>>> print(open('coords-v7.json').read())   # JSON, C-alpha atoms
[["chain", "number", "residue", "atom", "x", "y", "z"],
["A", 1, "MET", "CA", 50.54, -68.45, -89.86],
["A", 2, "LYS", "CA", 49.83, -70.70, -86.93],
["A", 3, "ILE", "CA", 49.41, -74.26, -88.17],
["A", 4, "GLY", "CA", 48.00, -77.19, -86.21],
["A", 5, "LEU", "CA", 49.36, -80.57, -87.30],
["A", 6, "TYR", "CA", 46.87, -83.42, -87.01],
["A", 7, "PHE", "CA", 48.73, -86.69, -87.69],
["A", 8, "GLY", "CA", 46.99, -89.96, -88.50],
["A", 9, "SER", "CA", 46.81, -92.97, -90.76],
["A", 10, "PHE", "CA", 43.26, -91.88, -91.70],
["A", 11, "ASN", "CA", 42.42, -95.44, -92.72],
["A", 12, "PRO", "CA", 39.82, -94.20, -93.57],
["A", 13, "ILE", "CA", 39.20, -90.60, -92.61],
["A", 14, "HIS", "CA", 35.76, -90.30, -90.99],
["A", 15, "ILE", "CA", 33.42, -87.65, -89.60],
["A", 16, "GLY", "CA", 35.06, -87.88, -86.18],
["A", 17, "HIS", "CA", 38.35, -86.65, -87.65],
["A", 18, "LEU", "CA", 36.52, -83.80, -89.39],
["A", 19, "ILE", "CA", 34.53, -82.82, -86.29],
["A", 20, "ILE", "CA", 37.73, -82.52, -84.27],
["A", 21, "ALA", "CA", 39.75, -80.74, -86.98],
["A", 22, "ASN", "CA", 36.96, -78.28, -87.76],
["A", 23, "HIS", "CA", 36.23, -77.59, -84.08],
["A", 24, "ILE", "CA", 39.87, -76.78, -83.39],
["A", 25, "ALA", "CA", 40.11, -74.68, -86.57],
["A", 26, "GLU", "CA", 37.07, -72.65, -85.52],
["A", 27, "HIS", "CA", 37.65, -72.45, -81.75],
["A", 28, "SER", "CA", 41.39, -71.90, -81.34],
["A", 29, "ASP", "CA", 43.99, -69.37, -82.41],
["A", 30, "LEU", "CA", 45.24, -71.67, -85.20],
["A", 31, "ASP", "CA", 44.89, -70.38, -88.77],
["A", 32, "GLN", "CA", 44.92, -73.80, -90.46],
["A", 33, "ILE", "CA", 44.86, -77.49, -89.62],
["A", 34, "TRP", "CA", 47.14, -79.68, -91.74],
["A", 35, "MET", "CA", 46.01, -83.30, -91.77],
["A", 36, "ILE", "CA", 49.28, -85.21, -92.08],
["A", 37, "VAL", "CA", 48.69, -88.65, -93.60],
["A", 38, "THR", "CA", 51.21, -90.94, -91.93],
["A", 39, "PRO", "CA", 52.74, -93.82, -93.90],
["A", 40, "HIS", "CA", 52.55, -97.31, -92.48],
["A", 41, "ASN", "CA", 52.92, -97.44, -88.72],
["A", 42, "PRO", "CA", 54.81, -100.64, -87.80],
["A", 43, "LEU", "CA", 52.43, -101.11, -84.87],
["A", 44, "LYS", "CA", 49.40, -101.38, -87.16],
["A", 45, "LYS", "CA", 48.37, -104.27, -89.37],
["A", 46, "LYS", "CA", 49.51, -103.60, -92.91],
["A", 47, "GLU", "CA", 46.88, -105.81, -94.57],
["A", 48, "THR", "CA", 44.07, -103.45, -93.57],
["A", 49, "LEU", "CA", 45.98, -100.32, -94.56],
["A", 50, "LEU", "CA", 45.18, -98.70, -97.89],
["A", 51, "ASN", "CA", 48.24, -97.42, -99.69],
["A", 52, "ASP", "CA", 49.48, -93.96, -98.78],
["A", 53, "TYR", "CA", 48.09, -92.19, -101.86],
["A", 54, "GLN", "CA", 44.64, -93.79, -101.57],
["A", 55, "ARG", "CA", 44.38, -92.56, -97.98],
["A", 56, "LEU", "CA", 45.65, -89.12, -99.02],
["A", 57, "HIS", "CA", 43.01, -89.03, -101.76],
["A", 58, "LEU", "CA", 40.29, -89.84, -99.19],
["A", 59, "VAL", "CA", 41.53, -86.96, -97.02],
["A", 60, "HIS", "CA", 41.37, -84.64, -100.05],
["A", 61, "LEU", "CA", 37.80, -85.77, -100.76],
["A", 62, "ALA", "CA", 36.80, -85.28, -97.12],
["A", 63, "THR", "CA", 38.31, -81.81, -96.68],
["A", 64, "GLU", "CA", 37.65, -80.10, -100.01],
["A", 65, "ASP", "CA", 34.82, -78.00, -98.53],
["A", 66, "TYR", "CA", 36.86, -76.91, -95.47],
["A", 67, "SER", "CA", 39.06, -73.93, -96.27],
["A", 68, "LYS", "CA", 41.01, -74.17, -92.99],
["A", 69, "ILE", "CA", 41.74, -77.92, -93.23],
["A", 70, "ILE", "CA", 44.57, -78.90, -95.59],
["A", 71, "PRO", "CA", 45.63, -82.47, -96.50],
["A", 72, "SER", "CA", 49.37, -83.13, -96.40],
["A", 73, "ASP", "CA", 51.66, -85.88, -97.69],
["A", 74, "ILE", "CA", 54.75, -84.32, -96.07],
["A", 75, "GLU", "CA", 55.72, -87.54, -94.26],
["A", 76, "PHE", "CA", 55.72, -89.52, -97.54],
["A", 77, "LYS", "CA", 58.93, -87.67, -98.44],
["A", 78, "LEU", "CA", 60.73, -88.20, -95.15],
["A", 79, "PRO", "CA", 62.87, -91.15, -93.99],
["A", 80, "GLN", "CA", 60.98, -94.01, -92.35],
["A", 81, "PRO", "CA", 60.05, -94.60, -89.63],
["A", 82, "ASN", "CA", 58.48, -91.17, -89.14],
["A", 83, "TYR", "CA", 59.23, -89.47, -85.86],
["A", 84, "THR", "CA", 57.24, -86.36, -85.03],
["A", 85, "ILE", "CA", 60.37, -84.51, -83.93],
["A", 86, "ASN", "CA", 61.93, -85.05, -87.39],
["A", 87, "THR", "CA", 58.76, -83.97, -89.19],
["A", 88, "LEU", "CA", 58.60, -80.81, -87.07],
["A", 89, "ALA", "CA", 62.26, -79.99, -87.83],
["A", 90, "TYR", "CA", 61.65, -80.50, -91.55],
["A", 91, "LEU", "CA", 58.54, -78.29, -91.53],
["A", 92, "GLN", "CA", 60.25, -75.53, -89.56],
["A", 93, "ASP", "CA", 63.11, -75.54, -92.07],
["A", 94, "LYS", "CA", 60.78, -75.56, -95.09],
["A", 95, "PHE", "CA", 58.28, -73.01, -93.69],
["A", 96, "PRO", "CA", 60.30, -70.72, -91.37],
["A", 97, "ASN", "CA", 57.49, -68.13, -91.14],
["A", 98, "HIS", "CA", 54.92, -70.60, -89.79],
["A", 99, "ILE", "CA", 54.44, -71.60, -86.17],
["A", 100, "PHE", "CA", 53.65, -75.31, -85.84],
["A", 101, "SER", "CA", 51.60, -76.89, -83.07],
["A", 102, "LEU", "CA", 50.43, -80.46, -82.56],
["A", 103, "ILE", "CA", 46.87, -81.74, -82.27],
["A", 104, "MET", "CA", 46.35, -85.00, -80.41],
["A", 105, "GLY", "CA", 43.84, -86.94, -78.39],
["A", 106, "GLU", "CA", 44.10, -87.11, -74.63],
["A", 107, "ASP", "CA", 45.05, -90.80, -74.98],
["A", 108, "ASN", "CA", 48.17, -89.81, -76.96],
["A", 109, "LEU", "CA", 49.08, -87.14, -74.44],
["A", 110, "ARG", "CA", 49.25, -89.84, -71.75],
["A", 111, "SER", "CA", 51.99, -91.63, -73.71],
["A", 112, "LEU", "CA", 53.85, -88.53, -74.91],
["A", 113, "ASN", "CA", 56.75, -89.30, -72.56],
["A", 114, "LYS", "CA", 57.51, -92.34, -74.77],
["A", 115, "TRP", "CA", 57.91, -90.24, -77.93],
["A", 116, "LYS", "CA", 61.37, -89.57, -79.33],
["A", 117, "ASN", "CA", 62.66, -86.22, -77.94],
["A", 118, "HIS", "CA", 59.30, -85.41, -76.37],
["A", 119, "GLU", "CA", 60.94, -82.80, -74.11],
["A", 120, "ILE", "CA", 62.04, -80.79, -77.16],
["A", 121, "ILE", "CA", 58.59, -81.09, -78.73],
["A", 122, "ILE", "CA", 56.92, -79.69, -75.61],
["A", 123, "GLN", "CA", 59.56, -76.99, -75.18],
["A", 124, "ASN", "CA", 59.17, -75.68, -78.74],
["A", 125, "HIS", "CA", 55.54, -76.41, -79.72],
["A", 126, "ASP", "CA", 52.09, -75.89, -78.31],
["A", 127, "ILE", "CA", 49.95, -79.01, -78.14],
["A", 128, "TYR", "CA", 46.17, -78.87, -78.54],
["A", 129, "VAL", "CA", 44.52, -81.85, -76.89],
["A", 130, "TYR", "CA", 40.99, -83.03, -77.58],
["A", 131, "PRO", "CA", 39.14, -85.14, -74.98],
["A", 132, "ARG", "CA", 38.69, -88.90, -75.07],
["A", 133, "VAL", "CA", 36.46, -91.13, -73.00],
["A", 134, "SER", "CA", 38.74, -92.68, -70.42],
["A", 135, "SER", "CA", 38.49, -94.46, -67.11],
["A", 136, "GLU", "CA", 42.09, -93.63, -66.23],
["A", 137, "ILE", "CA", 42.97, -91.17, -63.49],
["A", 138, "ASP", "CA", 42.88, -87.67, -64.96],
["A", 139, "ASN", "CA", 45.92, -86.38, -63.12],
["A", 140, "PHE", "CA", 49.01, -86.66, -65.32],
["A", 141, "GLU", "CA", 52.06, -84.45, -65.58],
["A", 142, "PHE", "CA", 51.62, -82.88, -69.02],
["A", 143, "LYS", "CA", 48.20, -81.36, -68.30],
["A", 144, "LYS", "CA", 49.83, -78.75, -66.06],
["A", 145, "ASN", "CA", 52.32, -77.62, -68.71],
["A", 146, "PRO", "CA", 51.49, -74.15, -70.16],
["A", 147, "LYS", "CA", 52.25, -75.46, -73.69],
["A", 148, "ILE", "CA", 49.42, -78.00, -73.38],
["A", 149, "HIS", "CA", 45.99, -76.63, -74.32],
["A", 150, "MET", "CA", 43.04, -78.81, -73.36],
["A", 151, "ILE", "CA", 40.32, -78.13, -75.95],
["A", 152, "ASP", "CA", 36.67, -78.22, -74.96],
["A", 153, "ALA", "CA", 35.76, -80.21, -78.07],
["A", 154, "PRO", "CA", 33.02, -82.79, -78.60],
["A", 155, "ILE", "CA", 34.02, -86.29, -77.54],
["A", 156, "VAL", "CA", 33.90, -88.43, -80.66],
["A", 157, "GLU", "CA", 34.24, -92.17, -80.19],
["A", 158, "ILE", "CA", 34.33, -93.34, -83.80],
["A", 159, "SER", "CA", 37.33, -95.33, -84.93],
["A", 160, "SER", "CA", 38.63, -96.26, -88.35],
["A", 161, "THR", "CA", 38.94, -99.84, -87.07],
["A", 162, "PHE", "CA", 35.20, -99.89, -86.28],
["A", 163, "ILE", "CA", 34.43, -98.57, -89.77],
["A", 164, "ARG", "CA", 36.66, -101.14, -91.51],
["A", 165, "GLU", "CA", 35.19, -104.03, -89.51],
["A", 166, "ASN", "CA", 31.65, -102.94, -90.30],
["A", 167, "ILE", "CA", 32.36, -102.56, -94.02],
["A", 168, "LYS", "CA", 33.84, -106.07, -94.01],
["A", 169, "ASN", "CA", 30.69, -107.34, -92.23],
["A", 170, "LYS", "CA", 28.44, -105.61, -94.79],
["A", 171, "LYS", "CA", 26.99, -103.11, -92.29],
["A", 172, "ASN", "CA", 25.83, -99.68, -93.37],
["A", 173, "ILE", "CA", 28.28, -97.18, -91.89],
["A", 174, "GLN", "CA", 27.59, -94.49, -94.48],
["A", 175, "PRO", "CA", 26.59, -91.85, -91.86],
["A", 176, "LEU", "CA", 30.08, -92.09, -90.32],
["A", 177, "LEU", "CA", 31.89, -91.03, -93.50],
["A", 178, "PRO", "CA", 31.77, -87.92, -95.66],
["A", 179, "THR", "CA", 29.63, -88.75, -98.72],
["A", 180, "LYS", "CA", 32.46, -88.57, -101.26],
["A", 181, "VAL", "CA", 34.68, -90.74, -99.04],
["A", 182, "TRP", "CA", 31.93, -93.34, -98.67],
["A", 183, "GLU", "CA", 31.29, -93.39, -102.44],
["A", 184, "TYR", "CA", 34.99, -93.78, -103.26],
["A", 185, "ILE", "CA", 35.43, -96.60, -100.72],
["A", 186, "ASP", "CA", 32.30, -98.36, -101.96],
["A", 187, "ASP", "CA", 33.12, -97.93, -105.67],
["A", 188, "ASN", "CA", 36.59, -99.40, -105.11],
["A", 189, "ASN", "CA", 35.47, -102.20, -102.77],
["A", 190, "PHE", "CA", 37.93, -101.08, -100.09],
["A", 191, "TYR", "CA", 37.93, -102.93, -96.74],
["A", 192, "LYS", "CA", 35.44, -105.57, -97.91],
["A", 193, "LYS", "CA", 37.81, -108.53, -97.48]]
>>> encode(input="coords-v7.json", output="structure tokens")
Amino acid sequence: MKIGLYFGSFNPIHIGHLIIANHIAEHSDLDQIWMIVTPHNPLKKKETLLNDYQRLHLVHLATEDYSKIIPSDIEFKLPQPNYTINTLAYLQDKFPNHIFSLIMGEDNLRSLNKWKNHEIIIQNHDIYVYPRVSSEIDNFEFKKNPKIHMIDAPIVEISSTFIRENIKNKKNIQPLLPTKVWEYIDDNNFYKK
């Protein structure tokens, strides 16, 4: 199978994540999208981050009606910090019959040259890139690489940060979250402080 790996903290998962994952699942040659819940990123504030298993549970709730989108806790089991190159090596060893590709936003593609062993990633894996609103010049080196696939997907400018801030400020953001995700967050008073 051809698997697209969509990494994120998903803190929380929202409809933007689902729109992108479903669009790529339906409009590419990938058989499945695995949503890889990433443990704490040292560059993000820990106090706003739900624990790993709460975020994984939210991803399960959000994706249960999508047969091609699969939640994954694979990085929970790997040494920290998580480097994509190490996760890819682990997955290739564990699932030798699958072909793994990456899914990322255009903003991440611009900084791919800063990733650990990015040359090996590009050499061995296709990368599916969804568009982002950006004022930066659109001419950067990776776009010309045959392993990079620019996806004509909807531009979704919803962020988990925006959702958390609005929950804290008692704003109704219910339309931005899958119903079961919203109910679980609300029932557990997540992000309210």
>>> residues_around(input="coords-v7.json", residues="Met104 (chain A)", least_positions_apart="3", cutoff="12 Å", atoms="only C-alpha atoms", output="PyMOL selection string")
chain A and resi 4-8+17+20-21+24+33+35+84+101+107-112+126-132+148-151+153
>>> residues_around(input="coords-v7.json", residues="region 75-77 of chain A", least_positions_apart="2", cutoff="10 Å", atoms="all atoms listed in the file", output="PyMOL selection string")
chain A and resi 7+36-40+52-53+72-73+79-84+86-87+90
>>> closest_residue(input="coords-v7.json", among="A:Met1, A:Ile120, A:Ile167, A:Ile155", to="Gly105 (chain A)", atoms="all atoms listed in the file")
A:Ile155
>>> axis_aligned_box(input="coords-v7.json", around="region 151-168 of chain A", padding_each_side="5 Å", output="lines of an AutoDock Vina configuration file")
center_x = 36.0
center_y = -92.1
center_z = -84.5
size_x = 18.7
size_y = 37.9
size_z = 29.1
>>> atom_distance(input="coords-v7.json", atom1="CA of Lys114 (chain A)", atom2="CA of Arg55 (chain A)")
26.7 Å
>>> closest_residue(input="coords-v7.json", among="A:Glu119, A:Thr179, A:Asn113, A:Asn51", to="Ser9 (chain A)", atoms="only C-alpha atoms")
A:Asn51
>>> atom_distance(input="coords-v7.json", atom1="CA of Ile158 (chain A)", atom2="CA of Asn172 (chain A)")
14.3 Å
>>> closest_residue(input="coords-v7.json", among="A:Trp34, A:Phe95, A:Phe162, A:Phe10", to="Tyr66 (chain A)", atoms="all atoms listed in the file")
A:Trp34
>>> closest_residue(input="coords-v7.json", among="A:Ser159, A:Leu61, A:Gln123, A:Lys2", to="Glu183 (chain A)", atoms="only C-alpha atoms")
A:Leu61
>>> atom_distance(input="coords-v7.json", atom1="CA of Val156 (chain A)", atom2="CA of Leu30 (chain A)")
20.7 Å
>>> residues_around(input="coords-v7.json", residues="Glu165 (chain A)", least_positions_apart="6", cutoff="9 Å", atoms="only C-alpha atoms", output="ChimeraX atom specification")
/A:171,191-192
>>> closest_residue(input="coords-v7.json", among="A:Leu49, A:Val133, A:Leu56, A:Val181", to="Glu106 (chain A)", atoms="only C-alpha atoms")
A:Val133
>>> residues_around(input="coords-v7.json", residues="Thr48 (chain A)", least_positions_apart="5", cutoff="9 Å", atoms="all atoms listed in the file", output="list in words")
Asn11, Arg164, Tyr191 and Lys193 of chain A
>>> closest_residue(input="coords-v7.json", among="A:Lys180, A:Pro146, A:Ile3, A:Asn117", to="Ile99 (chain A)", atoms="all atoms listed in the file")
A:Ile3
>>> residues_around(input="coords-v7.json", residues="Leu176 (chain A)", least_positions_apart="2", cutoff="9 Å", atoms="all atoms listed in the file", output="PyMOL selection string")
chain A and resi 14-16+158+163+173-174+178+182
>>> build_atoms(input="coords-v7.json", residues="region 52-76 of chain A", atoms="N, CA, C and O atoms", output="compact mmCIF listing (two decimals), in the coordinates of the input")
# COMPACT_ATOMS: atom_id res chain seq x y z
N ASP A 52 49.35 -95.35 -99.22
CA ASP A 52 49.48 -93.96 -98.78
C ASP A 52 48.65 -93.01 -99.64
O ASP A 52 47.95 -92.13 -99.13
N TYR A 53 48.75 -93.15 -100.96
CA TYR A 53 48.09 -92.19 -101.86
C TYR A 53 46.58 -92.37 -101.90
O TYR A 53 45.85 -91.41 -102.11
N GLN A 54 46.09 -93.59 -101.66
CA GLN A 54 44.64 -93.79 -101.57
C GLN A 54 44.11 -93.08 -100.33
O GLN A 54 43.07 -92.42 -100.37
N ARG A 55 44.81 -93.22 -99.21
CA ARG A 55 44.38 -92.56 -97.98
C ARG A 55 44.47 -91.04 -98.11
O ARG A 55 43.59 -90.31 -97.67
N LEU A 56 45.52 -90.55 -98.76
CA LEU A 56 45.65 -89.12 -99.02
C LEU A 56 44.49 -88.63 -99.88
O LEU A 56 43.90 -87.57 -99.61
N HIS A 57 44.13 -89.41 -100.90
CA HIS A 57 43.01 -89.03 -101.76
C HIS A 57 41.71 -88.94 -100.95
O HIS A 57 40.92 -88.01 -101.13
N LEU A 58 41.49 -89.88 -100.04
CA LEU A 58 40.29 -89.84 -99.19
C LEU A 58 40.28 -88.58 -98.33
O LEU A 58 39.23 -87.95 -98.14
N VAL A 59 41.45 -88.17 -97.82
CA VAL A 59 41.53 -86.96 -97.02
C VAL A 59 41.23 -85.74 -97.89
O VAL A 59 40.51 -84.82 -97.46
N HIS A 60 41.71 -85.73 -99.12
CA HIS A 60 41.37 -84.64 -100.05
C HIS A 60 39.86 -84.58 -100.28
O HIS A 60 39.26 -83.50 -100.23
N LEU A 61 39.25 -85.73 -100.54
CA LEU A 61 37.80 -85.77 -100.76
C LEU A 61 37.05 -85.25 -99.53
O LEU A 61 36.07 -84.50 -99.66
N ALA A 62 37.49 -85.64 -98.36
CA ALA A 62 36.80 -85.28 -97.12
C ALA A 62 36.92 -83.80 -96.77
O ALA A 62 36.02 -83.23 -96.15
N THR A 63 38.02 -83.17 -97.16
CA THR A 63 38.31 -81.81 -96.68
C THR A 63 38.12 -80.73 -97.74
O THR A 63 38.33 -79.55 -97.45
N GLU A 64 37.69 -81.09 -98.94
CA GLU A 64 37.65 -80.10 -100.01
C GLU A 64 36.71 -78.93 -99.73
O GLU A 64 36.88 -77.86 -100.30
N ASP A 65 35.74 -79.10 -98.85
CA ASP A 65 34.82 -78.00 -98.53
C ASP A 65 35.22 -77.24 -97.26
O ASP A 65 34.47 -76.40 -96.78
N TYR A 66 36.40 -77.54 -96.71
CA TYR A 66 36.86 -76.91 -95.47
C TYR A 66 38.11 -76.08 -95.78
O TYR A 66 39.19 -76.64 -95.93
N SER A 67 37.95 -74.78 -95.85
CA SER A 67 39.06 -73.93 -96.27
C SER A 67 40.22 -73.91 -95.27
O SER A 67 41.36 -73.64 -95.65
N LYS A 68 39.96 -74.21 -94.01
CA LYS A 68 41.01 -74.17 -92.99
C LYS A 68 41.67 -75.53 -92.76
O LYS A 68 42.59 -75.64 -91.95
N ILE A 69 41.20 -76.58 -93.43
CA ILE A 69 41.74 -77.92 -93.23
C ILE A 69 42.43 -78.36 -94.52
O ILE A 69 41.80 -78.45 -95.57
N ILE A 70 43.73 -78.64 -94.42
CA ILE A 70 44.57 -78.90 -95.59
C ILE A 70 45.19 -80.29 -95.49
O ILE A 70 45.89 -80.59 -94.51
N PRO A 71 44.96 -81.16 -96.50
CA PRO A 71 45.63 -82.47 -96.50
C PRO A 71 47.13 -82.32 -96.77
O PRO A 71 47.53 -81.41 -97.49
N SER A 72 47.92 -83.20 -96.19
CA SER A 72 49.37 -83.13 -96.40
C SER A 72 49.98 -84.52 -96.53
O SER A 72 49.68 -85.42 -95.76
N ASP A 73 50.90 -84.63 -97.49
CA ASP A 73 51.66 -85.88 -97.69
C ASP A 73 53.12 -85.69 -97.27
O ASP A 73 53.99 -86.44 -97.67
N ILE A 74 53.38 -84.71 -96.42
CA ILE A 74 54.75 -84.32 -96.07
C ILE A 74 55.57 -85.50 -95.56
O ILE A 74 56.76 -85.62 -95.86
N GLU A 75 54.95 -86.42 -94.81
CA GLU A 75 55.72 -87.54 -94.26
C GLU A 75 56.05 -88.60 -95.31
O GLU A 75 56.91 -89.43 -95.08
N PHE A 76 55.39 -88.57 -96.47
CA PHE A 76 55.72 -89.52 -97.54
C PHE A 76 57.15 -89.29 -98.02
O PHE A 76 57.79 -90.21 -98.50
